[in-house]
Amino acid sequence: MSPRPDLGPKPRLGYSGSRIERAAELRSDAAAIDALTRDPVAGGYVIGADWIVMKKGSPLNEPLFTLSEARALSPATETIFLGLLDGAPRFGHGITPPAAEALKSRDGLHVTDLRSIAVQGLVAPDHLPLIAEAKAVLHWHARHRFCPNCGAATELVCGGWRRDCPQCKAEHFPRTDPVVIMLAGDRERCLLGRSPRFVPTMWSCLAGYVEPGESIEDAVRRETREEAGITCGRVVYFASQPWPFPTSLMIGCHAEALSHEIVVDREELEDARWFSKSEIEAMIMRKHPQGLTTPPPVAIAHHIIRAWAEDELSFD
């Protein structure tokens with residue numbers, strides 16, 4: 001048997017590996033949070049819904065502003081406390097989408113979406129987890145300004161990590177939606193699918209939301225069966241990734257395929273098919289004869305697929 005090709009150094013998983021100390025014990029101390037906003041080393045990320053504002057730089061842009069710089073760009077819809085990075089306070093400075101759009105024409109600024117920033121490597125990697133944290137929490141605030149219990153306007157408290165209803169006294173917390181993302185296969189073949197939203201060459205893992213009352217393992221088996229008609233046995237956890245589009249947690253798994261006849265749910269997928277290990281290796285290295293590719297390294301799907309190709313897991 002010929003030796004497997006070297007796929008090169010393993011890339012960093014996007015939006016993960018945050019170095020921030022979230023300092024949750026400070027969140028309920030409004031005076032302490034206010035003092036941190038006046039700390040001369042405090043910094044903030046300016047975010048208008050899907051738009052991230054950065055200072056133009058070369059080779060990398062700078063997404064961190066002083067809080068006075070952030071306020072000068074646009075008043076904040078919300079300011080949220082992210083935590084402490086090497087002792088320096090970090091905040092999310094939310095602005096309206098129209099205000100972010102208006103900044104696109106400002107000299108010295110670059111305004112774009114987080115996915116483009118991550119895929120194109122437009123900022124230093126250590127910024128990505130903090131931007132993801134800020135974007136996800138600010139997105140939650142934008143959609144929870146009124147109490148779902150009584151309809152009254154809610155108030156931001158705890159440094160942005162809670163909204164309280166002054167009418168019925170309900171407390172509301174940011175939510176994270178769990179999503180399973182999985183690679184079903186055996187030693188020689190794995191199952192990939194195509195969404196209509198993908199770029200034309202890309203194939204990826206199947207994925208779906210975990211439903212109420214469902215375990216991760218059961219969600220993996222159900223989603224694989226529903227989307228591709230494949231029955232799975234054992235399920236092994238691989239890794240997780242915060243996915244701020246808008247507020248998901250991707251739970252990566254490998255699954256043992258027990259059947260092989262594919263039945264594609266055309267409402268969910270454009271197509272699904274089996275790939276050999278040699279095909280997957282060629283796709284990762286961008287050398288597939290048909291130009292087929294796997295997701296970019298910033299996505300957990302890339303890492304799940306690569307781990308299978310490098311024989312890091314076996315159900316034997």
# chains A, B, ... in the order shown; residues from 1 in each chain; ligands from 1
call {"tool": "residues_around", "arguments": {"residues": "Glu226 in chain A", "least_positions_apart": "6", "cutoff": "10 Å", "atoms": "only C-alpha atoms", "output": "list in words"}}
result
Val263, Val264, Asp265 and Glu268 of chain A
call {"tool": "residues_around", "arguments": {"residues": "Gly92 in chain A", "least_positions_apart": "5", "cutoff": "9 Å", "atoms": "only C-alpha atoms", "output": "short mmCIF file (atom, residue, chain, number, x, y, z; two decimals) with N, CA and C atoms, in the first residue's frame"}}
result
data_model
loop_
_atom_site.label_atom_id
_atom_site.label_comp_id
_atom_site.auth_asym_id
_atom_site.auth_seq_id
_atom_site.Cartn_x
_atom_site.Cartn_y
_atom_site.Cartn_z
N GLY A 43 -10.33 48.34 25.29
CA GLY A 43 -10.54 48.35 23.85
C GLY A 43 -11.86 47.70 23.50
N GLY A 44 -12.37 48.02 22.32
CA GLY A 44 -13.64 47.46 21.91
C GLY A 44 -13.68 47.12 20.43
N TYR A 45 -14.53 46.16 20.11
CA TYR A 45 -14.78 45.76 18.73
C TYR A 45 -16.08 46.39 18.27
N VAL A 46 -16.05 47.07 17.13
CA VAL A 46 -17.20 47.82 16.63
C VAL A 46 -17.95 46.93 15.63
N ILE A 47 -19.21 46.62 15.97
CA ILE A 47 -19.97 45.64 15.21
C ILE A 47 -21.38 46.16 14.95
N GLU A 78 -25.60 49.04 22.20
CA GLU A 78 -25.25 48.37 23.45
C GLU A 78 -23.73 48.31 23.55
N THR A 79 -23.25 48.35 24.79
CA THR A 79 -21.85 48.07 25.06
C THR A 79 -21.81 46.86 25.99
N ILE A 80 -21.12 45.80 25.57
CA ILE A 80 -21.08 44.58 26.37
C ILE A 80 -19.65 44.29 26.81
N PHE A 81 -19.53 43.77 28.01
CA PHE A 81 -18.22 43.44 28.58
C PHE A 81 -17.85 42.02 28.18
N LEU A 82 -16.75 41.89 27.45
CA LEU A 82 -16.30 40.58 27.00
C LEU A 82 -15.40 39.89 28.01
N LEU A 130 -12.82 36.73 20.08
CA LEU A 130 -13.44 37.86 20.76
C LEU A 130 -14.48 38.53 19.89
N ILE A 131 -14.18 38.66 18.59
CA ILE A 131 -15.19 39.22 17.68
C ILE A 131 -16.41 38.31 17.63
N GLU A 133 -17.49 36.30 19.98
CA GLU A 133 -18.22 36.47 21.24
C GLU A 133 -19.07 37.74 21.20
N ALA A 134 -18.45 38.85 20.78
CA ALA A 134 -19.17 40.12 20.74
C ALA A 134 -20.31 40.07 19.74
N LYS A 135 -20.06 39.53 18.56
CA LYS A 135 -21.09 39.48 17.53
C LYS A 135 -22.29 38.66 17.98
N VAL A 137 -23.35 37.93 21.10
CA VAL A 137 -24.12 38.54 22.20
C VAL A 137 -24.87 39.78 21.71
N LEU A 138 -24.22 40.58 20.87
CA LEU A 138 -24.90 41.76 20.34
C LEU A 138 -26.09 41.37 19.46
#
call {"tool": "closest_residue", "arguments": {"among": "A:Cys190, A:Leu249, A:Pro200, A:His254", "to": "Lys277 in chain A", "atoms": "only C-alpha atoms"}}
result
A:Cys190
call {"tool": "residues_around", "arguments": {"residues": "range 279-290 of chain A", "least_positions_apart": "3", "cutoff": "10 Å", "atoms": "only C-alpha atoms", "output": "MDAnalysis selection string"}}
result
chainID A and resid 4:8 189:190 192 201:203 274:276 293:297 302 305:306 308:310
call {"tool": "closest_residue", "arguments": {"among": "A:Ile33, A:Ala49, A:Cys168, A:Phe245", "to": "Arg115 in chain A", "atoms": "only C-alpha atoms"}}
result
A:Phe245
call {"tool": "select_by_dssp", "arguments": {"residues": "range 66-211 of chain A", "states": "alpha helix (DSSP H)", "output": "PyMOL selection string"}}
result
chain A and resi 67-73+97-102+114-120+127-142
call {"tool": "closest_residue", "arguments": {"among": "A:Gly185, A:Pro3, A:Pro242, A:Pro89", "to": "Gly17 in chain A", "atoms": "only C-alpha atoms"}}
result
A:Pro242
call {"tool": "closest_residue", "arguments": {"among": "A:Ala132, A:Ile20, A:Ala170, A:Leu183", "to": "Glu155 in chain A", "atoms": "only C-alpha atoms"}}
result
A:Ala170
call {"tool": "closest_residue", "arguments": {"among": "A:Ala307, A:Ala72, A:Leu206, A:Leu156", "to": "Trp140 in chain A", "atoms": "only C-alpha atoms"}}
result
A:Leu156
call {"tool": "closest_residue", "arguments": {"among": "A:Arg106, A:Lys169, A:Arg145, A:Arg234", "to": "Lys55 in chain A", "atoms": "only C-alpha atoms"}}
result
A:Arg106
call {"tool": "residues_around", "arguments": {"residues": "Thr96 in chain A", "least_positions_apart": "2", "cutoff": "8 Å", "atoms": "only C-alpha atoms", "output": "tab-separated table (two decimals) with C-alpha atoms, in the first residue's frame"}}
result
chain	number	residue	atom	x	y	z
A	48	GLY	CA	-23.11	46.53	13.28
A	49	ALA	CA	-25.09	43.28	12.90
A	77	THR	CA	-26.72	50.56	20.69
A	94	GLY	CA	-22.70	47.61	18.97
A	98	PRO	CA	-26.93	51.70	8.64
A	99	ALA	CA	-24.17	53.30	10.72
A	100	ALA	CA	-21.83	50.44	9.81
call {"tool": "residues_around", "arguments": {"residues": "Ala42 in chain A", "least_positions_apart": "3", "cutoff": "10 Å", "atoms": "only C-alpha atoms", "output": "list of chain:residue names"}}
result
A:Leu36, A:Thr37, A:Arg38, A:Asp39, A:Leu64, A:Phe65, A:Thr66, A:Leu67, A:Ser68, A:Leu84, A:Leu85, A:Gly87, A:Ala88, A:Pro89, A:Arg90, A:Phe91
call {"tool": "write_last_selection", "arguments": {"atoms": "all heavy atoms", "output": "short mmCIF file (atom, residue, chain, number, x, y, z; two decimals), in the first residue's frame"}}
result
data_model
loop_
_atom_site.label_atom_id
_atom_site.label_comp_id
_atom_site.auth_asym_id
_atom_site.auth_seq_id
_atom_site.Cartn_x
_atom_site.Cartn_y
_atom_site.Cartn_z
N LEU A 36 -14.05 49.99 34.32
CA LEU A 36 -13.27 49.33 33.27
C LEU A 36 -13.41 50.06 31.94
O LEU A 36 -12.46 50.07 31.14
CB LEU A 36 -13.73 47.88 33.12
CG LEU A 36 -13.37 46.93 34.27
CD1 LEU A 36 -14.00 45.55 34.05
CD2 LEU A 36 -11.85 46.79 34.41
N THR A 37 -14.57 50.66 31.68
CA THR A 37 -14.73 51.41 30.43
C THR A 37 -13.83 52.64 30.39
O THR A 37 -13.52 53.15 29.31
CB THR A 37 -16.18 51.86 30.21
OG1 THR A 37 -16.56 52.79 31.23
CG2 THR A 37 -17.13 50.67 30.22
N ARG A 38 -13.39 53.11 31.57
CA ARG A 38 -12.51 54.28 31.62
C ARG A 38 -11.04 53.90 31.73
O ARG A 38 -10.17 54.78 31.77
CB ARG A 38 -12.92 55.17 32.80
CG ARG A 38 -14.33 55.74 32.67
CD ARG A 38 -14.57 56.85 33.69
NE ARG A 38 -14.44 56.34 35.07
CZ ARG A 38 -15.43 55.78 35.75
NH1 ARG A 38 -16.63 55.64 35.20
NH2 ARG A 38 -15.25 55.37 36.99
N ASP A 39 -10.75 52.61 31.79
CA ASP A 39 -9.36 52.16 31.84
C ASP A 39 -8.66 52.56 30.54
O ASP A 39 -9.17 52.31 29.45
CB ASP A 39 -9.34 50.63 32.00
CG ASP A 39 -7.96 50.09 32.32
OD1 ASP A 39 -6.98 50.53 31.69
OD2 ASP A 39 -7.85 49.20 33.18
N LEU A 64 -9.47 46.30 16.73
CA LEU A 64 -9.64 46.79 18.10
C LEU A 64 -9.47 48.31 18.13
O LEU A 64 -8.46 48.85 17.67
CB LEU A 64 -8.62 46.13 19.03
CG LEU A 64 -8.82 46.37 20.52
CD1 LEU A 64 -10.10 45.72 21.02
CD2 LEU A 64 -7.63 45.85 21.32
N PHE A 65 -10.48 48.99 18.70
CA PHE A 65 -10.47 50.44 18.85
C PHE A 65 -10.42 50.79 20.34
O PHE A 65 -10.88 50.01 21.18
CB PHE A 65 -11.74 51.05 18.26
CG PHE A 65 -11.87 50.91 16.76
CD1 PHE A 65 -12.32 49.72 16.20
CD2 PHE A 65 -11.55 51.96 15.92
CE1 PHE A 65 -12.45 49.58 14.83
CE2 PHE A 65 -11.68 51.84 14.54
CZ PHE A 65 -12.12 50.65 13.99
N THR A 66 -9.89 51.97 20.66
CA THR A 66 -10.12 52.47 22.00
C THR A 66 -11.62 52.78 22.10
O THR A 66 -12.29 52.99 21.07
CB THR A 66 -9.31 53.74 22.30
OG1 THR A 66 -9.80 54.82 21.46
CG2 THR A 66 -7.82 53.52 22.02
N LEU A 67 -12.14 52.83 23.32
CA LEU A 67 -13.58 53.08 23.44
C LEU A 67 -13.95 54.48 22.98
O LEU A 67 -15.05 54.70 22.46
CB LEU A 67 -14.03 52.83 24.88
CG LEU A 67 -13.93 51.36 25.33
CD1 LEU A 67 -14.55 51.19 26.71
CD2 LEU A 67 -14.58 50.41 24.34
N SER A 68 -13.04 55.43 23.15
CA SER A 68 -13.33 56.78 22.64
C SER A 68 -13.35 56.78 21.12
O SER A 68 -14.18 57.47 20.51
CB SER A 68 -12.29 57.78 23.17
OG SER A 68 -10.98 57.42 22.77
N LEU A 84 -11.35 40.17 30.26
CA LEU A 84 -10.01 40.77 30.40
C LEU A 84 -9.01 39.96 29.59
O LEU A 84 -8.94 38.74 29.71
CB LEU A 84 -9.59 40.79 31.87
CG LEU A 84 -10.54 41.51 32.84
CD1 LEU A 84 -10.07 41.29 34.28
CD2 LEU A 84 -10.62 43.00 32.53
N LEU A 85 -8.23 40.64 28.79
CA LEU A 85 -7.18 40.00 28.00
C LEU A 85 -5.85 40.53 28.49
O LEU A 85 -5.52 41.70 28.28
CB LEU A 85 -7.35 40.28 26.51
CG LEU A 85 -6.37 39.55 25.60
CD1 LEU A 85 -6.55 38.04 25.69
CD2 LEU A 85 -6.54 40.01 24.16
N GLY A 87 -5.21 41.34 31.37
CA GLY A 87 -5.55 42.43 32.28
C GLY A 87 -6.24 43.61 31.63
O GLY A 87 -6.73 44.50 32.33
N ALA A 88 -6.29 43.66 30.30
CA ALA A 88 -6.90 44.80 29.60
C ALA A 88 -8.38 44.51 29.33
O ALA A 88 -8.71 43.47 28.76
CB ALA A 88 -6.17 45.06 28.29
N PRO A 89 -9.27 45.43 29.71
CA PRO A 89 -10.71 45.20 29.46
C PRO A 89 -11.02 45.19 27.97
O PRO A 89 -10.48 45.99 27.19
CB PRO A 89 -11.39 46.39 30.15
CG PRO A 89 -10.35 46.95 31.08
CD PRO A 89 -9.04 46.69 30.44
N ARG A 90 -11.91 44.30 27.58
CA ARG A 90 -12.35 44.20 26.19
C ARG A 90 -13.87 44.25 26.15
O ARG A 90 -14.55 43.60 26.94
CB ARG A 90 -11.84 42.92 25.54
CG ARG A 90 -10.32 42.87 25.40
CD ARG A 90 -9.85 43.86 24.35
NE ARG A 90 -8.40 43.88 24.17
CZ ARG A 90 -7.59 44.80 24.69
NH1 ARG A 90 -8.11 45.78 25.46
NH2 ARG A 90 -6.30 44.77 24.47
N PHE A 91 -14.38 45.03 25.19
CA PHE A 91 -15.82 45.26 25.07
C PHE A 91 -16.28 45.04 23.63
O PHE A 91 -15.49 45.10 22.69
CB PHE A 91 -16.16 46.70 25.48
CG PHE A 91 -15.95 46.99 26.94
CD1 PHE A 91 -14.71 47.40 27.40
CD2 PHE A 91 -16.99 46.85 27.86
CE1 PHE A 91 -14.51 47.67 28.75
CE2 PHE A 91 -16.79 47.12 29.21
CZ PHE A 91 -15.54 47.53 29.66
#
call {"tool": "atom_distance", "arguments": {"atom1": "CA of Leu26 in chain A", "atom2": "CA of Thr154 in chain A"}}
result
21.1 Å
call {"tool": "select_by_dssp", "arguments": {"residues": "range 79-191 of chain A", "states": "strand (DSSP E)", "output": "MDAnalysis selection string"}}
result
chainID A and resid 79:85 88:94 109:113 155:157 162:164 171:172 177:185 189:191
call {"tool": "write_last_selection", "arguments": {"atoms": "N, CA, C and O atoms", "output": "short mmCIF file (atom, residue, chain, number, x, y, z; two decimals), in the first residue's frame"}}
result
data_model
loop_
_atom_site.label_atom_id
_atom_site.label_comp_id
_atom_site.auth_asym_id
_atom_site.auth_seq_id
_atom_site.Cartn_x
_atom_site.Cartn_y
_atom_site.Cartn_z
N THR A 79 -23.25 48.35 24.79
CA THR A 79 -21.85 48.07 25.06
C THR A 79 -21.81 46.86 25.99
O THR A 79 -22.41 46.89 27.07
N ILE A 80 -21.12 45.80 25.57
CA ILE A 80 -21.08 44.58 26.37
C ILE A 80 -19.65 44.29 26.81
O ILE A 80 -18.69 44.54 26.07
N PHE A 81 -19.53 43.77 28.01
CA PHE A 81 -18.22 43.44 28.58
C PHE A 81 -17.85 42.02 28.18
O PHE A 81 -18.54 41.06 28.52
N LEU A 82 -16.75 41.89 27.45
CA LEU A 82 -16.30 40.58 27.00
C LEU A 82 -15.40 39.89 28.01
O LEU A 82 -15.40 38.67 28.11
N GLY A 83 -14.61 40.67 28.75
CA GLY A 83 -13.69 40.10 29.72
C GLY A 83 -12.36 40.84 29.72
O GLY A 83 -12.27 41.98 29.26
N LEU A 84 -11.35 40.17 30.26
CA LEU A 84 -10.01 40.77 30.40
C LEU A 84 -9.01 39.96 29.59
O LEU A 84 -8.94 38.74 29.71
N LEU A 85 -8.23 40.64 28.79
CA LEU A 85 -7.18 40.00 28.00
C LEU A 85 -5.85 40.53 28.49
O LEU A 85 -5.52 41.70 28.28
N ALA A 88 -6.29 43.66 30.30
CA ALA A 88 -6.90 44.80 29.60
C ALA A 88 -8.38 44.51 29.33
O ALA A 88 -8.71 43.47 28.76
N PRO A 89 -9.27 45.43 29.71
CA PRO A 89 -10.71 45.20 29.46
C PRO A 89 -11.02 45.19 27.97
O PRO A 89 -10.48 45.99 27.19
N ARG A 90 -11.91 44.30 27.58
CA ARG A 90 -12.35 44.20 26.19
C ARG A 90 -13.87 44.25 26.15
O ARG A 90 -14.55 43.60 26.94
N PHE A 91 -14.38 45.03 25.19
CA PHE A 91 -15.82 45.26 25.07
C PHE A 91 -16.28 45.04 23.63
O PHE A 91 -15.49 45.10 22.69
N GLY A 92 -17.57 44.82 23.49
CA GLY A 92 -18.23 44.85 22.19
C GLY A 92 -19.03 46.12 22.10
O GLY A 92 -19.83 46.43 22.98
N HIS A 93 -18.80 46.91 21.06
CA HIS A 93 -19.47 48.19 20.85
C HIS A 93 -20.44 48.01 19.69
O HIS A 93 -20.05 48.01 18.52
N GLY A 94 -21.72 47.84 20.00
CA GLY A 94 -22.70 47.61 18.97
C GLY A 94 -23.17 48.91 18.34
O GLY A 94 -23.41 49.90 19.03
N LEU A 109 -10.72 52.99 7.02
CA LEU A 109 -11.50 51.91 7.61
C LEU A 109 -11.80 50.84 6.57
O LEU A 109 -11.89 51.11 5.37
N HIS A 110 -11.93 49.61 7.06
CA HIS A 110 -12.37 48.50 6.21
C HIS A 110 -13.52 47.83 6.94
O HIS A 110 -13.36 47.39 8.09
N VAL A 111 -14.68 47.76 6.30
CA VAL A 111 -15.88 47.19 6.91
C VAL A 111 -16.30 45.98 6.08
O VAL A 111 -16.59 46.11 4.89
N THR A 112 -16.35 44.83 6.72
CA THR A 112 -16.76 43.62 6.01
C THR A 112 -17.34 42.63 7.01
O THR A 112 -17.42 42.91 8.21
N ASP A 113 -17.76 41.47 6.52
CA ASP A 113 -18.40 40.48 7.39
C ASP A 113 -17.35 39.57 8.03
O ASP A 113 -16.23 39.42 7.54
N GLU A 155 -34.22 45.70 29.89
CA GLU A 155 -33.07 46.54 30.18
C GLU A 155 -31.80 45.71 30.24
O GLU A 155 -31.78 44.61 30.80
N LEU A 156 -30.73 46.22 29.64
CA LEU A 156 -29.43 45.55 29.68
C LEU A 156 -28.82 45.66 31.07
O LEU A 156 -28.73 46.76 31.64
N VAL A 157 -28.39 44.52 31.63
CA VAL A 157 -27.72 44.50 32.92
C VAL A 157 -26.56 43.51 32.84
O VAL A 157 -26.34 42.85 31.82
N ARG A 162 -27.22 39.82 30.50
CA ARG A 162 -28.60 39.55 30.91
C ARG A 162 -29.45 40.74 30.52
O ARG A 162 -28.97 41.87 30.45
N ARG A 163 -30.73 40.48 30.26
CA ARG A 163 -31.71 41.54 30.11
C ARG A 163 -32.82 41.29 31.10
O ARG A 163 -33.32 40.16 31.20
N ASP A 164 -33.20 42.31 31.84
CA ASP A 164 -34.25 42.19 32.85
C ASP A 164 -35.50 42.92 32.40
O ASP A 164 -35.44 43.97 31.75
N GLU A 171 -35.92 37.41 34.01
CA GLU A 171 -34.52 37.58 33.63
C GLU A 171 -34.27 36.77 32.37
O GLU A 171 -34.64 35.60 32.29
N HIS A 172 -33.61 37.37 31.40
CA HIS A 172 -33.36 36.71 30.12
C HIS A 172 -31.85 36.69 29.84
O HIS A 172 -31.16 37.69 30.04
N ASP A 177 -27.34 27.97 20.35
CA ASP A 177 -28.06 26.86 19.72
C ASP A 177 -27.10 25.74 19.37
O ASP A 177 -26.19 25.94 18.55
N PRO A 178 -27.26 24.53 19.94
CA PRO A 178 -26.36 23.42 19.63
C PRO A 178 -26.67 22.81 18.27
O PRO A 178 -27.82 22.53 17.94
N VAL A 179 -25.61 22.61 17.48
CA VAL A 179 -25.72 22.01 16.15
C VAL A 179 -24.74 20.85 16.06
O VAL A 179 -23.56 21.02 16.39
N VAL A 180 -25.20 19.68 15.64
CA VAL A 180 -24.28 18.58 15.38
C VAL A 180 -23.78 18.68 13.94
O VAL A 180 -24.53 19.01 13.03
N ILE A 181 -22.49 18.45 13.76
CA ILE A 181 -21.89 18.40 12.44
C ILE A 181 -21.05 17.14 12.39
O ILE A 181 -20.17 16.94 13.24
N MET A 182 -21.31 16.25 11.43
CA MET A 182 -20.76 14.90 11.55
C MET A 182 -20.29 14.36 10.21
O MET A 182 -20.79 14.73 9.15
N LEU A 183 -19.33 13.45 10.33
CA LEU A 183 -18.83 12.72 9.17
C LEU A 183 -19.12 11.24 9.40
O LEU A 183 -18.56 10.63 10.31
N ALA A 184 -20.02 10.70 8.59
CA ALA A 184 -20.33 9.27 8.66
C ALA A 184 -19.43 8.53 7.67
O ALA A 184 -19.15 9.02 6.58
N GLY A 185 -18.96 7.34 8.07
CA GLY A 185 -18.12 6.58 7.18
C GLY A 185 -17.61 5.30 7.79
O GLY A 185 -18.06 4.88 8.86
N ARG A 189 -14.35 4.87 3.17
CA ARG A 189 -15.22 5.86 2.53
C ARG A 189 -15.90 6.73 3.58
O ARG A 189 -16.19 6.28 4.70
N CYS A 190 -16.17 7.96 3.20
CA CYS A 190 -16.92 8.86 4.08
C CYS A 190 -18.00 9.56 3.25
O CYS A 190 -17.91 9.66 2.02
N LEU A 191 -19.01 10.03 3.95
CA LEU A 191 -20.18 10.64 3.32
C LEU A 191 -20.10 12.16 3.43
O LEU A 191 -19.99 12.71 4.52
#
call {"tool": "residues_around", "arguments": {"residues": "Pro246 in chain A", "least_positions_apart": "2", "cutoff": "7 Å", "atoms": "only C-alpha atoms", "output": "list in words"}}
result
Ala136, His139, Pro244 and Ser248 of chain A
call {"tool": "write_last_selection", "arguments": {"atoms": "N, CA, C and O atoms", "output": "PDB file, in the first residue's frame"}}
result
ATOM      1  N   ALA A 136     -22.044  37.514  18.602  1.00  0.00           N
ATOM      2  CA  ALA A 136     -23.135  36.642  19.032  1.00  0.00           C
ATOM      3  C   ALA A 136     -23.991  37.309  20.108  1.00  0.00           C
ATOM      4  O   ALA A 136     -25.224  37.282  20.045  1.00  0.00           O
ATOM      5  N   HIS A 139     -25.945  40.285  18.709  1.00  0.00           N
ATOM      6  CA  HIS A 139     -27.063  39.784  17.906  1.00  0.00           C
ATOM      7  C   HIS A 139     -28.231  39.412  18.803  1.00  0.00           C
ATOM      8  O   HIS A 139     -29.395  39.709  18.486  1.00  0.00           O
ATOM      9  N   PRO A 244     -20.591  31.958  15.143  1.00  0.00           N
ATOM     10  CA  PRO A 244     -21.409  33.157  15.377  1.00  0.00           C
ATOM     11  C   PRO A 244     -22.226  33.593  14.170  1.00  0.00           C
ATOM     12  O   PRO A 244     -22.224  34.759  13.778  1.00  0.00           O
ATOM     13  N   SER A 248     -24.549  29.820  17.208  1.00  0.00           N
ATOM     14  CA  SER A 248     -24.551  28.364  17.314  1.00  0.00           C
ATOM     15  C   SER A 248     -23.265  27.846  17.954  1.00  0.00           C
ATOM     16  O   SER A 248     -22.246  28.530  17.970  1.00  0.00           O
TER      17      SER A 248
END
call {"tool": "atom_distance", "arguments": {"atom1": "CA of Val123 in chain A", "atom2": "CA of Ala70 in chain A"}}
result
17.7 Å
call {"tool": "atom_distance", "arguments": {"atom1": "CA of Val53 in chain A", "atom2": "CA of Ala124 in chain A"}}
result
14.4 Å
call {"tool": "decode", "arguments": {"residues": "range 294-311 of chain A", "atoms": "N, CA and C atoms", "output": "PDB file, in the first residue's frame"}}
result
ATOM      1  N   THR A 294     -12.887  20.629  -0.010  1.00  0.00           N
ATOM      2  CA  THR A 294     -13.479  20.582   1.320  1.00  0.00           C
ATOM      3  C   THR A 294     -13.633  22.015   1.827  1.00  0.00           C
ATOM      4  N   PRO A 295     -14.336  22.221   2.937  1.00  0.00           N
ATOM      5  CA  PRO A 295     -14.471  23.570   3.492  1.00  0.00           C
ATOM      6  C   PRO A 295     -13.108  24.147   3.887  1.00  0.00           C
ATOM      7  N   PRO A 296     -13.019  25.472   4.022  1.00  0.00           N
ATOM      8  CA  PRO A 296     -11.753  26.101   4.401  1.00  0.00           C
ATOM      9  C   PRO A 296     -11.350  25.737   5.827  1.00  0.00           C
ATOM     10  N   PRO A 297     -10.064  25.869   6.148  1.00  0.00           N
ATOM     11  CA  PRO A 297      -9.577  25.474   7.478  1.00  0.00           C
ATOM     12  C   PRO A 297     -10.233  26.188   8.647  1.00  0.00           C
ATOM     13  N   VAL A 298     -10.845  27.345   8.419  1.00  0.00           N
ATOM     14  CA  VAL A 298     -11.482  28.060   9.518  1.00  0.00           C
ATOM     15  C   VAL A 298     -12.684  27.296  10.060  1.00  0.00           C
ATOM     16  N   ALA A 299     -13.271  26.397   9.254  1.00  0.00           N
ATOM     17  CA  ALA A 299     -14.485  25.676   9.639  1.00  0.00           C
ATOM     18  C   ALA A 299     -14.160  24.334  10.271  1.00  0.00           C
ATOM     19  N   ILE A 300     -14.939  23.933  11.259  1.00  0.00           N
ATOM     20  CA  ILE A 300     -14.699  22.664  11.935  1.00  0.00           C
ATOM     21  C   ILE A 300     -14.877  21.490  10.987  1.00  0.00           C
ATOM     22  N   ALA A 301     -15.694  21.632   9.947  1.00  0.00           N
ATOM     23  CA  ALA A 301     -15.877  20.539   8.986  1.00  0.00           C
ATOM     24  C   ALA A 301     -14.543  20.137   8.364  1.00  0.00           C
ATOM     25  N   HIS A 302     -13.699  21.100   8.066  1.00  0.00           N
ATOM     26  CA  HIS A 302     -12.374  20.804   7.503  1.00  0.00           C
ATOM     27  C   HIS A 302     -11.588  19.897   8.445  1.00  0.00           C
ATOM     28  N   HIS A 303     -11.635  20.192   9.719  1.00  0.00           N
ATOM     29  CA  HIS A 303     -10.858  19.449  10.712  1.00  0.00           C
ATOM     30  C   HIS A 303     -11.436  18.049  10.928  1.00  0.00           C
ATOM     31  N   ILE A 304     -12.766  17.927  10.906  1.00  0.00           N
ATOM     32  CA  ILE A 304     -13.399  16.616  11.047  1.00  0.00           C
ATOM     33  C   ILE A 304     -13.006  15.710   9.884  1.00  0.00           C
ATOM     34  N   ILE A 305     -13.060  16.270   8.676  1.00  0.00           N
ATOM     35  CA  ILE A 305     -12.735  15.494   7.474  1.00  0.00           C
ATOM     36  C   ILE A 305     -11.260  15.129   7.459  1.00  0.00           C
ATOM     37  N   ARG A 306     -10.406  16.067   7.810  1.00  0.00           N
ATOM     38  CA  ARG A 306      -8.975  15.800   7.794  1.00  0.00           C
ATOM     39  C   ARG A 306      -8.601  14.724   8.814  1.00  0.00           C
ATOM     40  N   ALA A 307      -9.211  14.752   9.995  1.00  0.00           N
ATOM     41  CA  ALA A 307      -8.913  13.746  11.016  1.00  0.00           C
ATOM     42  C   ALA A 307      -9.240  12.348  10.512  1.00  0.00           C
ATOM     43  N   TRP A 308     -10.353  12.218   9.780  1.00  0.00           N
ATOM     44  CA  TRP A 308     -10.700  10.912   9.201  1.00  0.00           C
ATOM     45  C   TRP A 308      -9.674  10.510   8.137  1.00  0.00           C
ATOM     46  N   ALA A 309      -9.278  11.447   7.300  1.00  0.00           N
ATOM     47  CA  ALA A 309      -8.329  11.137   6.228  1.00  0.00           C
ATOM     48  C   ALA A 309      -6.964  10.717   6.789  1.00  0.00           C
ATOM     49  N   GLU A 310      -6.615  11.243   7.944  1.00  0.00           N
ATOM     50  CA  GLU A 310      -5.314  10.938   8.548  1.00  0.00           C
ATOM     51  C   GLU A 310      -5.407   9.781   9.533  1.00  0.00           C
ATOM     52  N   ASP A 311      -6.514   9.032   9.481  1.00  0.00           N
ATOM     53  CA  ASP A 311      -6.682   7.828  10.288  1.00  0.00           C
ATOM     54  C   ASP A 311      -6.582   8.087  11.794  1.00  0.00           C
TER      55      ASP A 311
END
